[in-house]
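Enquirer: Enclosed is the structure file input-v7.csv (CSV, C-alpha atoms and all ligand atoms).
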chain,number,residue,atom,x,y,z
A,1,SER,CA,20.8,-73.2,246.3
A,2,ARG,CA,19.0,-72.9,249.7
A,3,GLU,CA,15.4,-71.9,249.1
A,4,ILE,CA,12.2,-71.1,251.0
A,5,GLN,CA,9.0,-72.9,250.0
A,6,LEU,CA,5.4,-72.4,251.0
A,7,ALA,CA,4.6,-75.5,253.1
A,8,ALA,CA,1.0,-74.5,254.0
A,9,ARG,CA,-1.3,-71.6,253.2
A,10,PRO,CA,-1.3,-69.2,256.3
A,11,GLN,CA,-4.6,-68.8,258.1
A,12,GLY,CA,-4.5,-65.3,259.5
A,13,ALA,CA,-1.0,-64.3,260.5
A,14,PRO,CA,1.7,-66.5,258.9
A,15,LYS,CA,3.7,-68.8,261.3
A,16,ASP,CA,7.0,-70.7,261.0
A,17,SER,CA,5.4,-74.0,260.0
A,18,ASP,CA,3.9,-72.3,256.9
A,19,PHE,CA,7.5,-72.2,255.4
A,20,ALA,CA,10.1,-74.9,254.7
A,21,LEU,CA,13.8,-74.5,253.9
A,22,VAL,CA,15.1,-76.8,251.2
A,23,ASP,CA,18.3,-77.4,249.3
A,24,ARG,CA,18.3,-77.7,245.5
A,25,GLU,CA,21.1,-78.5,243.0
A,26,LEU,CA,21.0,-75.9,240.1
A,27,GLY,CA,23.7,-77.0,237.6
A,28,GLN,CA,25.4,-74.6,235.2
A,29,PRO,CA,23.8,-72.1,232.9
A,30,ARG,CA,23.0,-73.2,229.4
A,31,GLN,CA,23.0,-71.0,226.3
A,32,GLY,CA,21.1,-67.8,227.1
A,33,GLU,CA,21.1,-68.4,230.9
A,34,VAL,CA,22.9,-66.9,233.9
A,35,LEU,CA,23.7,-68.2,237.3
A,36,VAL,CA,23.2,-65.5,240.0
A,37,ARG,CA,24.3,-65.5,243.6
A,38,ASN,CA,21.7,-63.4,245.4
A,39,LEU,CA,23.0,-60.6,247.6
A,40,PHE,CA,19.7,-59.2,248.9
A,41,LEU,CA,16.2,-60.5,248.9
A,42,SER,CA,13.2,-58.2,248.9
A,43,VAL,CA,10.5,-58.7,251.6
A,44,ASP,CA,7.2,-57.2,250.6
A,45,PRO,CA,3.6,-57.0,251.9
A,46,TYR,CA,2.0,-58.1,248.6
A,47,MET,CA,3.7,-61.5,249.1
A,48,ARG,CA,1.1,-62.2,251.8
A,49,GLY,CA,-1.7,-62.1,249.2
A,50,ARG,CA,0.1,-64.5,247.0
A,51,MET,CA,0.2,-67.1,249.9
A,52,ASN,CA,-3.6,-67.3,249.6
A,53,ASP,CA,-5.3,-69.4,246.9
A,54,VAL,CA,-7.2,-66.6,245.4
A,55,LYS,CA,-7.1,-64.9,242.0
A,56,SER,CA,-5.4,-61.5,242.2
A,57,TYR,CA,-3.2,-59.3,240.0
A,58,THR,CA,-0.3,-61.7,240.8
A,59,PRO,CA,-1.0,-65.4,240.7
A,60,PRO,CA,-0.9,-67.4,244.0
A,61,PHE,CA,2.3,-69.1,245.1
A,62,ALA,CA,2.2,-72.9,244.7
A,63,LEU,CA,2.5,-75.1,247.7
A,64,ASN,CA,5.8,-76.9,248.1
A,65,GLU,CA,7.5,-74.8,245.5
A,66,THR,CA,10.1,-72.1,246.0
A,67,MET,CA,8.4,-68.7,246.2
A,68,THR,CA,9.5,-65.7,244.0
A,69,GLY,CA,10.1,-62.1,244.7
A,70,GLY,CA,12.5,-59.2,244.0
A,71,ALA,CA,16.2,-59.9,244.4
A,72,VAL,CA,19.5,-58.3,243.5
A,73,GLY,CA,22.6,-60.5,242.9
A,74,GLU,CA,25.9,-61.0,241.2
A,75,VAL,CA,26.3,-63.1,238.0
A,76,ILE,CA,28.7,-65.9,238.9
A,77,ALA,CA,28.4,-67.9,235.6
A,78,SER,CA,27.1,-66.8,232.3
A,79,GLY,CA,26.0,-68.5,229.1
A,80,ALA,CA,24.5,-65.3,227.7
A,81,ASP,CA,25.8,-62.4,225.6
A,82,GLY,CA,25.5,-59.1,227.3
A,83,LEU,CA,25.8,-60.4,230.9
A,84,SER,CA,29.2,-61.3,232.4
A,85,VAL,CA,30.5,-62.7,235.6
A,86,GLY,CA,30.5,-59.9,238.2
A,87,ASP,CA,27.5,-58.0,236.8
A,88,LEU,CA,24.9,-56.8,239.3
A,89,VAL,CA,21.4,-57.8,238.2
A,90,LEU,CA,17.9,-57.3,239.4
A,91,HIS,CA,15.4,-60.2,238.9
A,92,ASP,CA,12.3,-61.9,240.5
A,93,GLN,CA,13.9,-65.2,241.7
A,94,GLY,CA,14.0,-64.2,245.4
A,95,TRP,CA,13.4,-66.4,248.5
A,96,ARG,CA,16.6,-68.4,247.5
A,97,THR,CA,20.4,-68.0,247.7
A,98,HIS,CA,21.1,-68.7,244.0
A,99,ALA,CA,19.0,-68.4,240.8
A,100,LEU,CA,19.5,-70.0,237.4
A,101,LEU,CA,17.5,-68.0,235.0
A,102,PRO,CA,17.2,-66.8,231.4
A,103,ALA,CA,19.4,-63.7,230.9
A,104,LYS,CA,16.3,-61.8,229.5
A,105,ALA,CA,14.6,-62.2,232.9
A,106,ALA,CA,17.5,-60.3,234.6
A,107,ARG,CA,18.0,-56.6,234.3
A,108,LYS,CA,21.6,-55.3,234.7
A,109,VAL,CA,21.9,-52.5,237.3
A,110,ASP,CA,24.2,-49.6,236.6
A,111,ALA,CA,24.9,-49.2,240.3
A,112,MET,CA,25.2,-45.7,241.8
A,113,GLN,CA,28.5,-45.8,243.7
A,114,SER,CA,27.1,-44.3,246.8
A,115,VAL,CA,24.3,-46.8,247.5
A,116,SER,CA,24.2,-50.4,248.5
A,117,PRO,CA,22.8,-52.9,246.0
A,118,SER,CA,19.8,-53.3,248.3
A,119,ALA,CA,18.7,-49.7,247.4
A,120,TYR,CA,17.5,-51.2,244.0
A,121,LEU,CA,14.9,-53.2,246.0
A,122,GLY,CA,13.8,-50.2,247.9
A,123,ILE,CA,14.2,-46.5,247.4
A,124,LEU,CA,15.5,-46.8,243.9
A,125,GLY,CA,13.3,-49.8,243.0
A,126,MET,CA,9.7,-50.9,243.1
A,127,PRO,CA,8.7,-49.2,246.4
A,128,GLY,CA,10.3,-45.9,245.5
A,129,LEU,CA,8.6,-45.9,242.1
A,130,THR,CA,5.3,-46.7,243.8
A,131,ALA,CA,5.7,-43.7,246.1
A,132,TYR,CA,6.8,-41.4,243.2
A,133,ALA,CA,4.1,-42.3,240.7
A,134,GLY,CA,1.4,-42.8,243.3
A,135,LEU,CA,1.9,-39.3,244.7
A,136,LEU,CA,2.6,-37.4,241.5
A,137,ASP,CA,0.5,-39.2,238.9
A,138,VAL,CA,-2.3,-41.1,240.8
A,139,ALA,CA,-3.0,-38.6,243.6
A,140,ALA,CA,-2.1,-35.7,241.2
A,141,PHE,CA,-0.1,-33.9,243.9
A,142,LYS,CA,0.3,-30.2,243.5
A,143,GLN,CA,2.2,-27.6,245.4
A,144,ASP,CA,0.8,-26.5,248.8
A,145,ASP,CA,-1.4,-29.7,249.1
A,146,VAL,CA,-1.7,-31.0,252.6
A,147,VAL,CA,-0.6,-34.6,252.4
A,148,PHE,CA,-1.4,-37.5,254.7
A,149,VAL,CA,0.4,-40.8,254.3
A,150,SER,CA,-0.2,-44.0,256.4
A,151,GLY,CA,2.5,-46.6,256.8
A,152,ALA,CA,4.7,-43.6,256.8
A,153,ALA,CA,7.8,-45.2,258.3
A,154,GLY,CA,7.8,-48.0,255.8
A,155,ALA,CA,9.6,-48.2,252.4
A,156,VAL,CA,6.8,-46.6,250.3
A,157,GLY,CA,5.4,-44.3,253.0
A,158,SER,CA,8.7,-42.7,254.0
A,159,ALA,CA,9.4,-41.9,250.4
A,160,VAL,CA,6.0,-40.5,249.8
A,161,GLY,CA,6.3,-38.0,252.7
A,162,GLN,CA,9.7,-36.9,251.7
A,163,ILE,CA,8.9,-36.5,248.0
A,164,ALA,CA,5.8,-34.4,249.0
A,165,ARG,CA,8.0,-32.2,251.2
A,166,LEU,CA,10.6,-31.8,248.4
A,167,LYS,CA,7.9,-30.9,245.9
A,168,GLY,CA,6.5,-28.1,248.1
A,169,ALA,CA,3.6,-29.7,250.1
A,170,GLY,CA,1.8,-27.3,252.4
A,171,ARG,CA,2.0,-29.8,255.2
A,172,VAL,CA,3.0,-33.5,255.5
A,173,ILE,CA,1.5,-35.8,258.0
A,174,GLY,CA,2.3,-39.4,258.7
A,175,SER,CA,1.0,-42.2,260.8
A,176,ALA,CA,3.0,-45.2,262.0
A,177,GLY,CA,2.8,-47.9,264.7
A,178,SER,CA,5.3,-46.9,267.4
A,179,ALA,CA,6.5,-43.8,269.3
A,180,ASP,CA,10.1,-44.3,267.9
A,181,LYS,CA,8.8,-44.3,264.3
A,182,VAL,CA,6.8,-41.2,265.0
A,183,SER,CA,9.8,-39.3,266.3
A,184,HIS,CA,11.9,-40.6,263.3
A,185,LEU,CA,9.3,-39.1,260.9
A,186,THR,CA,9.3,-35.6,262.4
A,187,GLY,CA,12.9,-35.6,263.7
A,188,THR,CA,14.8,-37.1,260.8
A,189,LEU,CA,12.5,-37.3,257.7
A,190,GLY,CA,11.1,-33.8,257.9
A,191,PHE,CA,7.4,-34.6,258.4
A,192,ASP,CA,5.5,-31.7,259.8
A,193,ALA,CA,3.4,-33.9,262.1
A,194,ALA,CA,3.0,-37.6,262.8
A,195,PHE,CA,1.0,-39.8,265.2
A,196,ASN,CA,1.0,-43.4,266.5
A,197,TYR,CA,-2.2,-45.0,265.2
A,198,LYS,CA,-2.2,-47.3,268.2
A,199,ASP,CA,-2.7,-44.3,270.6
A,200,GLY,CA,-6.5,-44.1,269.9
A,201,SER,CA,-9.0,-43.3,267.3
A,202,VAL,CA,-7.3,-42.6,263.9
A,203,THR,CA,-10.0,-40.1,263.0
A,204,LYS,CA,-9.3,-38.1,266.2
A,205,LEU,CA,-5.5,-38.4,265.9
A,206,LEU,CA,-5.7,-37.2,262.3
A,207,ARG,CA,-8.0,-34.3,263.1
A,208,GLU,CA,-5.5,-33.1,265.7
A,209,ALA,CA,-2.6,-33.4,263.3
A,210,ALA,CA,-4.5,-31.8,260.4
A,211,PRO,CA,-6.9,-29.2,261.9
A,212,ASP,CA,-7.4,-27.6,258.5
A,213,GLY,CA,-8.1,-30.9,256.7
A,214,ILE,CA,-6.1,-32.8,254.0
A,215,ASP,CA,-6.0,-32.6,250.2
A,216,VAL,CA,-4.1,-35.8,249.4
A,217,TYR,CA,-4.2,-39.2,251.2
A,218,PHE,CA,-1.7,-41.9,250.2
A,219,ASP,CA,-3.3,-45.1,251.6
A,220,ASN,CA,-1.0,-48.0,252.5
A,221,VAL,CA,-3.3,-49.3,255.3
A,222,GLY,CA,-7.0,-49.2,254.4
A,223,GLY,CA,-9.7,-49.7,257.1
A,224,ASP,CA,-9.9,-47.2,259.8
A,225,HIS,CA,-7.1,-45.1,258.2
A,226,LEU,CA,-9.2,-44.7,255.1
A,227,GLU,CA,-12.2,-43.8,257.1
A,228,ALA,CA,-10.3,-41.1,259.0
A,229,ALA,CA,-9.0,-39.7,255.7
A,230,LEU,CA,-12.5,-39.5,254.3
A,231,PHE,CA,-13.6,-37.5,257.3
A,232,ALA,CA,-10.5,-35.2,257.0
A,233,PHE,CA,-10.7,-34.5,253.3
A,234,ASN,CA,-11.2,-31.1,251.9
A,235,THR,CA,-13.3,-30.6,248.8
A,236,PHE,CA,-11.7,-32.1,245.7
A,237,GLY,CA,-9.4,-34.3,247.8
A,238,ARG,CA,-7.6,-37.1,246.1
A,239,ALA,CA,-6.6,-40.5,247.5
A,240,ALA,CA,-4.0,-42.9,245.9
A,241,LEU,CA,-5.2,-46.3,247.1
A,242,CYS,CA,-1.8,-48.2,247.2
A,243,GLY,CA,-2.3,-50.9,249.9
A,244,ALA,CA,-4.5,-52.1,252.6
A,245,ILE,CA,-2.1,-53.9,255.0
A,246,SER,CA,-4.5,-53.7,257.9
A,247,GLN,CA,-6.5,-56.4,256.0
A,248,TYR,CA,-3.8,-58.7,254.6
A,249,ASN,CA,-4.0,-61.2,257.5
A,250,ALA,CA,-7.8,-60.7,258.0
A,251,THR,CA,-10.1,-63.7,258.1
A,252,GLU,CA,-13.2,-61.5,258.2
A,253,ALA,CA,-14.5,-58.6,256.1
A,254,PRO,CA,-13.3,-55.1,257.3
A,255,SER,CA,-15.6,-52.9,259.4
A,256,ALA,CA,-14.3,-49.6,258.0
A,257,PRO,CA,-14.6,-47.4,256.0
A,258,ARG,CA,-18.3,-46.7,256.9
A,259,ASN,CA,-18.3,-43.2,255.5
A,260,LEU,CA,-17.6,-43.6,251.8
A,261,ALA,CA,-20.7,-41.5,250.9
A,262,LEU,CA,-18.6,-38.4,252.0
A,263,ALA,CA,-16.8,-38.8,248.7
A,264,ILE,CA,-19.9,-37.5,246.9
A,265,GLY,CA,-20.4,-34.2,248.6
A,266,LYS,CA,-16.7,-33.6,248.9
A,267,GLN,CA,-16.2,-34.5,245.2
A,268,LEU,CA,-13.3,-36.8,246.0
A,269,THR,CA,-11.2,-38.8,243.7
A,270,LEU,CA,-10.3,-42.2,245.1
A,271,LYS,CA,-7.9,-44.1,242.7
A,272,GLY,CA,-6.4,-47.5,243.1
A,273,PHE,CA,-3.2,-48.4,241.2
A,274,ILE,CA,-0.5,-51.0,240.6
A,275,VAL,CA,3.1,-49.8,240.2
A,276,GLY,CA,3.7,-51.8,237.1
A,277,THR,CA,1.4,-49.5,235.1
A,278,TYR,CA,3.8,-46.7,235.8
A,279,SER,CA,7.1,-48.3,234.6
A,280,HIS,CA,7.3,-45.6,231.9
A,281,ARG,CA,8.1,-43.2,234.8
A,282,TYR,CA,11.1,-45.2,235.9
A,283,ALA,CA,13.8,-43.1,234.2
A,284,GLN,CA,12.5,-39.8,235.4
A,285,PHE,CA,12.0,-41.2,238.9
A,286,VAL,CA,15.6,-42.5,239.2
A,287,GLN,CA,16.9,-39.2,238.0
A,288,GLU,CA,14.9,-37.1,240.4
A,289,VAL,CA,15.1,-39.4,243.5
A,290,GLY,CA,18.7,-40.4,242.8
A,291,GLY,CA,19.5,-36.7,242.8
A,292,TRP,CA,17.9,-36.1,246.1
A,293,ILE,CA,19.7,-39.1,247.6
A,294,ALA,CA,23.1,-37.8,246.3
A,295,SER,CA,22.4,-34.3,247.7
A,296,GLY,CA,21.3,-35.7,251.0
A,297,GLU,CA,17.9,-34.1,250.8
A,298,LEU,CA,16.1,-37.5,250.9
A,299,GLN,CA,16.9,-40.1,253.4
A,300,TYR,CA,16.1,-43.8,253.3
A,301,ASP,CA,16.2,-46.5,255.9
A,302,GLU,CA,16.7,-50.2,255.6
A,303,THR,CA,16.0,-53.0,258.1
A,304,VAL,CA,18.5,-55.8,257.2
A,305,VAL,CA,17.9,-59.3,258.4
A,306,GLU,CA,20.8,-61.8,257.9
A,307,GLY,CA,20.5,-65.2,256.2
A,308,ILE,CA,18.1,-67.2,254.1
A,309,ASP,CA,16.9,-69.2,257.1
A,310,HIS,CA,15.6,-65.9,258.6
A,311,MET,CA,13.6,-64.9,255.5
A,312,PRO,CA,10.3,-66.2,256.8
A,313,GLY,CA,10.9,-64.4,260.1
A,314,ALA,CA,11.7,-61.2,258.2
A,315,PHE,CA,8.4,-61.5,256.3
A,316,MET,CA,6.4,-62.1,259.5
A,317,GLY,CA,8.3,-59.2,261.1
A,318,LEU,CA,7.3,-56.9,258.2
A,319,LEU,CA,3.6,-57.6,258.7
A,320,ASP,CA,4.2,-56.9,262.4
A,321,GLY,CA,5.9,-53.5,261.9
A,322,GLN,CA,9.4,-54.6,262.9
A,323,ASN,CA,10.9,-52.7,260.0
A,324,THR,CA,11.7,-49.0,259.5
A,325,GLY,CA,12.1,-48.3,255.8
A,326,LYS,CA,12.7,-51.2,253.4
A,327,MET,CA,12.9,-54.7,254.8
A,328,VAL,CA,15.5,-56.8,253.1
A,329,VAL,CA,17.4,-60.1,253.8
A,330,ARG,CA,21.1,-60.1,253.2
A,331,LEU,CA,22.8,-63.4,252.2
A,401,LIG,P1,6.4,-51.2,254.6
A,401,LIG,O1,7.8,-51.0,254.6
A,401,LIG,O2,5.5,-50.1,254.8
A,401,LIG,O3,6.1,-52.4,255.7
A,401,LIG,C1,4.8,-52.7,256.1
A,401,LIG,C2,4.4,-51.8,257.3
A,401,LIG,O4,3.0,-51.9,257.5
A,401,LIG,C3,4.9,-52.3,258.6
A,401,LIG,O5,6.2,-51.8,258.9
A,401,LIG,C4,3.9,-51.8,259.7
A,401,LIG,O6,4.4,-50.6,260.2
A,401,LIG,C5,2.7,-51.5,258.8
A,401,LIG,N1,1.5,-52.3,259.3
A,401,LIG,C6,1.4,-53.6,259.5
A,401,LIG,N2,0.1,-53.9,259.9
A,401,LIG,C7,-0.5,-52.7,260.0
A,401,LIG,C8,-1.8,-52.4,260.4
A,401,LIG,N3,-2.7,-53.3,260.8
A,401,LIG,N4,-2.2,-51.1,260.4
A,401,LIG,C9,-1.3,-50.1,260.0
A,401,LIG,N5,-0.1,-50.4,259.6
A,401,LIG,C10,0.3,-51.7,259.6
A,401,LIG,O7,5.9,-51.9,253.3
A,401,LIG,P2,6.0,-51.3,251.8
A,401,LIG,O8,6.4,-49.9,251.9
A,401,LIG,O9,6.7,-52.3,250.9
A,401,LIG,O10,4.4,-51.3,251.4
A,401,LIG,C11,3.5,-50.4,251.9
A,401,LIG,C12,2.1,-50.6,251.3
A,401,LIG,O11,2.2,-50.3,249.9
A,401,LIG,C13,1.6,-52.0,251.5
A,401,LIG,O12,0.2,-51.9,251.7
A,401,LIG,C14,1.8,-52.6,250.1
A,401,LIG,O13,1.0,-53.7,249.9
A,401,LIG,C15,1.6,-51.4,249.2
A,401,LIG,N6,2.3,-51.5,247.9
A,401,LIG,C16,1.5,-51.4,246.8
A,401,LIG,C17,2.1,-51.3,245.6
A,401,LIG,C18,1.2,-51.1,244.4
A,401,LIG,O14,1.6,-51.2,243.3
A,401,LIG,N7,-0.1,-50.7,244.6
A,401,LIG,C19,3.5,-51.5,245.4
A,401,LIG,C20,4.3,-51.6,246.6
A,401,LIG,C21,3.7,-51.6,247.8
A,401,LIG,P3,3.8,-49.9,261.6
A,401,LIG,O15,4.8,-50.2,262.6
A,401,LIG,O16,3.6,-48.5,261.2
A,401,LIG,O17,2.5,-50.6,261.9
Let me see whether you can do it: turn the structure in this file into structure tokens.
Expert:
Amino acid sequence: SREIQLAARPQGAPKDSDFALVDRELGQPRQGEVLVRNLFLSVDPYMRGRMNDVKSYTPPFALNETMTGGAVGEVIASGADGLSVGDLVLHDQGWRTHALLPAKAARKVDAMQSVSPSAYLGILGMPGLTAYAGLLDVAAFKQDDVVFVSGAAGAVGSAVGQIARLKGAGRVIGSAGSADKVSHLTGTLGFDAAFNYKDGSVTKLLREAAPDGIDVYFDNVGGDHLEAALFAFNTFGRAALCGAISQYNATEAPSAPRNLALAIGKQLTLKGFIVGTYSHRYAQFVQEVGGWIASGELQYDETVVEGIDHMPGAFMGLLDGQNTGKMVVRL
């Protein structure tokens, strides 16, 4: 197997020398194990947090060990009942070309004919469920709500905006980091309005895009985006606090939001969440979102980077906004 290890803990933005590519002999599966050839590796923002030596909801990656993460692959040798050669499986032994793992740590995917296996790392996987449960359960979305989502051209954000539209939002507004992404949101994904947060004050840009205020904010970014949403909220507004990517490479404490006290008078609900808590929603989510994909009502994008040696570059590119939709590495 060719694998990527963490060679050094990144200070600020990660760089090439923080990663090392190594070769490892895996051997054959023993009783109860399977050998998987990975087809696609997931590239996710939360991995940045695991590169720091701090306690979080996922433990830190160890130095000089292969990192882990979502992956989808094909069983090429099996010592386990229930999994056979050729089966497509989802597991967490990413950052490597091959994985030898207990069969119970791999979940067989009943693949939809119409989608690539990579969809199970994105729209039909963890990011898709994050969008679905975050919007419907955490933010308690209801019809006619005006919804604002940051990171709107990414894996989670693009699903949030479209689910809101399909569920009857009054208006859907997105922010993203380039003019191309902004026109993609309004042109292809059906957002009512979008802006490039690099064009000026987020508070001002959001006020222009949502002159009558917002009811729901799905936060992928934190910082000045959260501050802008607090200003824009209508009474009884609700925020699903999903991510704070503007802070993942930070070496100093954030300077925003400075207006949290607005939550009192506006009677806001600000609720953080972790997708794992909503795994009971998976079946309903796949049924509903899978249906929208099949009918063509919901679109999803993937940015595909080729080869295990480009996995660190894909990860650095994700933090830099080089992806539209889900970032994956194809092997
Ligand atoms: P994305 O596909 O959205 O990729 C990350 C995007 O973040 C980039 O494309 C970039 O787009 C944007 N970005 C990077 N830096 C900044 C910045 N300083 N300010 C604003 N935007 C920035 O990733 P995901 O969809 O996988 O994840 C989105 C968010 O959801 C992340 O915060 C992630 O941590 C969180 N998450 C949380 C989960 C949970 O259980 N709570 C589960 C899954 C994800 P741009 O060009 O627009 O800048």
Enquirer: Measuring between all atoms listed in the file, which one of A:Asn38, A:Ser246, A:Gln28, A:Thr68 shows the shortest distance to ligand LIG 401 (chain A)?
Expert: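 Distance minimum relative to ligand LIG 401 (chain A) lands on A:Ser246.
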Enquirer: Skipping near chain neighbours, those fewer than 2 positions away, what residues fall within 9 Å of stretch 230-245 of chain A using only C-alpha atoms, listed as a ChimeraX atom specification?
Expert: /A:45-46,130-131,134-135,138-141,151,203,206-207,210-223,225-228,247-249,257,259-260,262-263,265-275,319
Enquirer: Since we have the selection now, will you write its residues out, keeping C-alpha atoms, as a compact mmCIF listing (two decimals), in the frame of the given file?
Expert:
# COMPACT_ATOMS: atom_id res chain seq x y z
CA PRO A 45 3.60 -57.00 251.90
CA TYR A 46 2.00 -58.10 248.60
CA THR A 130 5.30 -46.70 243.80
CA ALA A 131 5.70 -43.70 246.10
CA GLY A 134 1.40 -42.80 243.30
CA LEU A 135 1.90 -39.30 244.70
CA VAL A 138 -2.30 -41.10 240.80
CA ALA A 139 -3.00 -38.60 243.60
CA ALA A 140 -2.10 -35.70 241.20
CA PHE A 141 -0.10 -33.90 243.90
CA GLY A 151 2.50 -46.60 256.80
CA THR A 203 -10.00 -40.10 263.00
CA LEU A 206 -5.70 -37.20 262.30
CA ARG A 207 -8.00 -34.30 263.10
CA ALA A 210 -4.50 -31.80 260.40
CA PRO A 211 -6.90 -29.20 261.90
CA ASP A 212 -7.40 -27.60 258.50
CA GLY A 213 -8.10 -30.90 256.70
CA ILE A 214 -6.10 -32.80 254.00
CA ASP A 215 -6.00 -32.60 250.20
CA VAL A 216 -4.10 -35.80 249.40
CA TYR A 217 -4.20 -39.20 251.20
CA PHE A 218 -1.70 -41.90 250.20
CA ASP A 219 -3.30 -45.10 251.60
CA ASN A 220 -1.00 -48.00 252.50
CA VAL A 221 -3.30 -49.30 255.30
CA GLY A 222 -7.00 -49.20 254.40
CA GLY A 223 -9.70 -49.70 257.10
CA HIS A 225 -7.10 -45.10 258.20
CA LEU A 226 -9.20 -44.70 255.10
CA GLU A 227 -12.20 -43.80 257.10
CA ALA A 228 -10.30 -41.10 259.00
CA GLN A 247 -6.50 -56.40 256.00
CA TYR A 248 -3.80 -58.70 254.60
CA ASN A 249 -4.00 -61.20 257.50
CA PRO A 257 -14.60 -47.40 256.00
CA ASN A 259 -18.30 -43.20 255.50
CA LEU A 260 -17.60 -43.60 251.80
CA LEU A 262 -18.60 -38.40 252.00
CA ALA A 263 -16.80 -38.80 248.70
CA GLY A 265 -20.40 -34.20 248.60
CA LYS A 266 -16.70 -33.60 248.90
CA GLN A 267 -16.20 -34.50 245.20
CA LEU A 268 -13.30 -36.80 246.00
CA THR A 269 -11.20 -38.80 243.70
CA LEU A 270 -10.30 -42.20 245.10
CA LYS A 271 -7.90 -44.10 242.70
CA GLY A 272 -6.40 -47.50 243.10
CA PHE A 273 -3.20 -48.40 241.20
CA ILE A 274 -0.50 -51.00 240.60
CA VAL A 275 3.10 -49.80 240.20
CA LEU A 319 3.60 -57.60 258.70
Enquirer: Which residues come within 8 Å of stretch 306-318 of chain A, counting only C-alpha atoms, excluding same-chain residues fewer than 5 positions away, as a PyMOL selection string?
Expert: chain A and resi 2-4+13-16+19+21+43-45+95-97+323+327-331
Enquirer: Please identify all polymer residues within 10 Å of A:Asp110, counting all atoms listed in the file, omitting same-chain residues fewer than 6 positions from it, and present them as number ranges by chain.
Expert: A: 87-89
Enquirer: Counting only C-alpha atoms, figure out which residue out of A:Ala106, A:Ala71, A:Leu6, A:Ala152 gets nearest to A:Ser183.
Expert: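 Of A:Ala106, A:Ala71, A:Leu6, A:Ala152, the one nearest A:Ser183, counting only C-alpha atoms, is A:Ala152.
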Enquirer: Hey, which of A:Tyr132, A:Gln162, A:Gly325, A:Ser150 ends up closest to A:Ala283? Count all atoms listed in the file.
Expert: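 Once distances to A:Ala283 are computed over all atoms listed in the file, the minimum belongs to A:Tyr132.
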Enquirer: Pick out the residues sitting within 8 Å of A:Phe191, and hand them over as a list in words; count all atoms listed in the file, and ignore anything fewer than 6 positions along from it in its own chain.
Expert: Gly161, Gln162, Arg165, Arg171, Val172, Ile173, Gly174 and Leu185 of chain A
Enquirer: Smallest atom-to-atom distance to ligand LIG 401 (chain A): which of A:Gln284, A:Ser116, A:Thr58, A:Gln5, using only C-alpha atoms and all ligand atoms?
Expert: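 Smallest distance to ligand LIG 401 (chain A) is found for A:Thr58.
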Enquirer: Would you mind telling me which residue in A:Leu39, A:Gly170, A:Ala103, A:Ser178 lies nearest to A:Glu74 when using all atoms listed in the file?
Expert: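 Once distances to A:Glu74 are computed over all atoms listed in the file, the minimum belongs to A:Leu39.
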Enquirer: Please list as number ranges by chain every residue within 12 Å of A:Gln113, counting only C-alpha atoms and excluding residues in the same chain fewer than 3 positions away.
Expert: A: 109-110, 116-117, 119, 290, 293-294
Enquirer: Could you tell me how far atom CA of A:Leu136 sits from atom C12 of ligand LIG 401 (chain A), in Å to one decimal place?
Expert: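 That distance, rounded to one decimal, is 16.4 Å.
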Enquirer: Which residue, A:Ala20, A:Met126, A:Ala250, A:Val304, has the smallest gap to A:Thr277 when you use all atoms listed in the file?
Expert: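 Smallest separation from A:Thr277 among the options: A:Met126.
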Enquirer: Can you put N, CA and C atoms back into stretch 82-91 of chain A and show it as a short mmCIF file (atom, residue, chain, number, x, y, z; two decimals), keeping the file's coordinate frame?
Expert:
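Result file is out08.cif:
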data_model
loop_
_atom_site.label_atom_id
_atom_site.label_comp_id
_atom_site.auth_asym_id
_atom_site.auth_seq_id
_atom_site.Cartn_x
_atom_site.Cartn_y
_atom_site.Cartn_z
N GLY A 82 26.06 -60.30 226.68
CA GLY A 82 25.50 -59.10 227.30
C GLY A 82 25.55 -59.15 228.84
N LEU A 83 25.70 -60.32 229.43
CA LEU A 83 25.80 -60.40 230.90
C LEU A 83 27.10 -61.19 231.22
N SER A 84 27.95 -60.62 232.06
CA SER A 84 29.20 -61.30 232.40
C SER A 84 29.34 -61.51 233.88
N VAL A 85 30.25 -62.39 234.22
CA VAL A 85 30.50 -62.70 235.60
C VAL A 85 30.88 -61.34 236.34
N GLY A 86 30.26 -61.11 237.47
CA GLY A 86 30.50 -59.90 238.20
C GLY A 86 29.44 -58.82 238.04
N ASP A 87 28.61 -58.97 237.00
CA ASP A 87 27.50 -58.00 236.80
C ASP A 87 26.51 -58.06 237.92
N LEU A 88 25.99 -56.88 238.29
CA LEU A 88 24.90 -56.80 239.30
C LEU A 88 23.59 -56.81 238.55
N VAL A 89 22.70 -57.73 238.93
CA VAL A 89 21.40 -57.80 238.20
C VAL A 89 20.23 -57.86 239.21
N LEU A 90 19.12 -57.36 238.70
CA LEU A 90 17.90 -57.30 239.40
C LEU A 90 16.95 -58.37 238.74
N HIS A 91 16.24 -59.18 239.54
CA HIS A 91 15.40 -60.20 238.90
C HIS A 91 14.30 -60.59 239.95
#
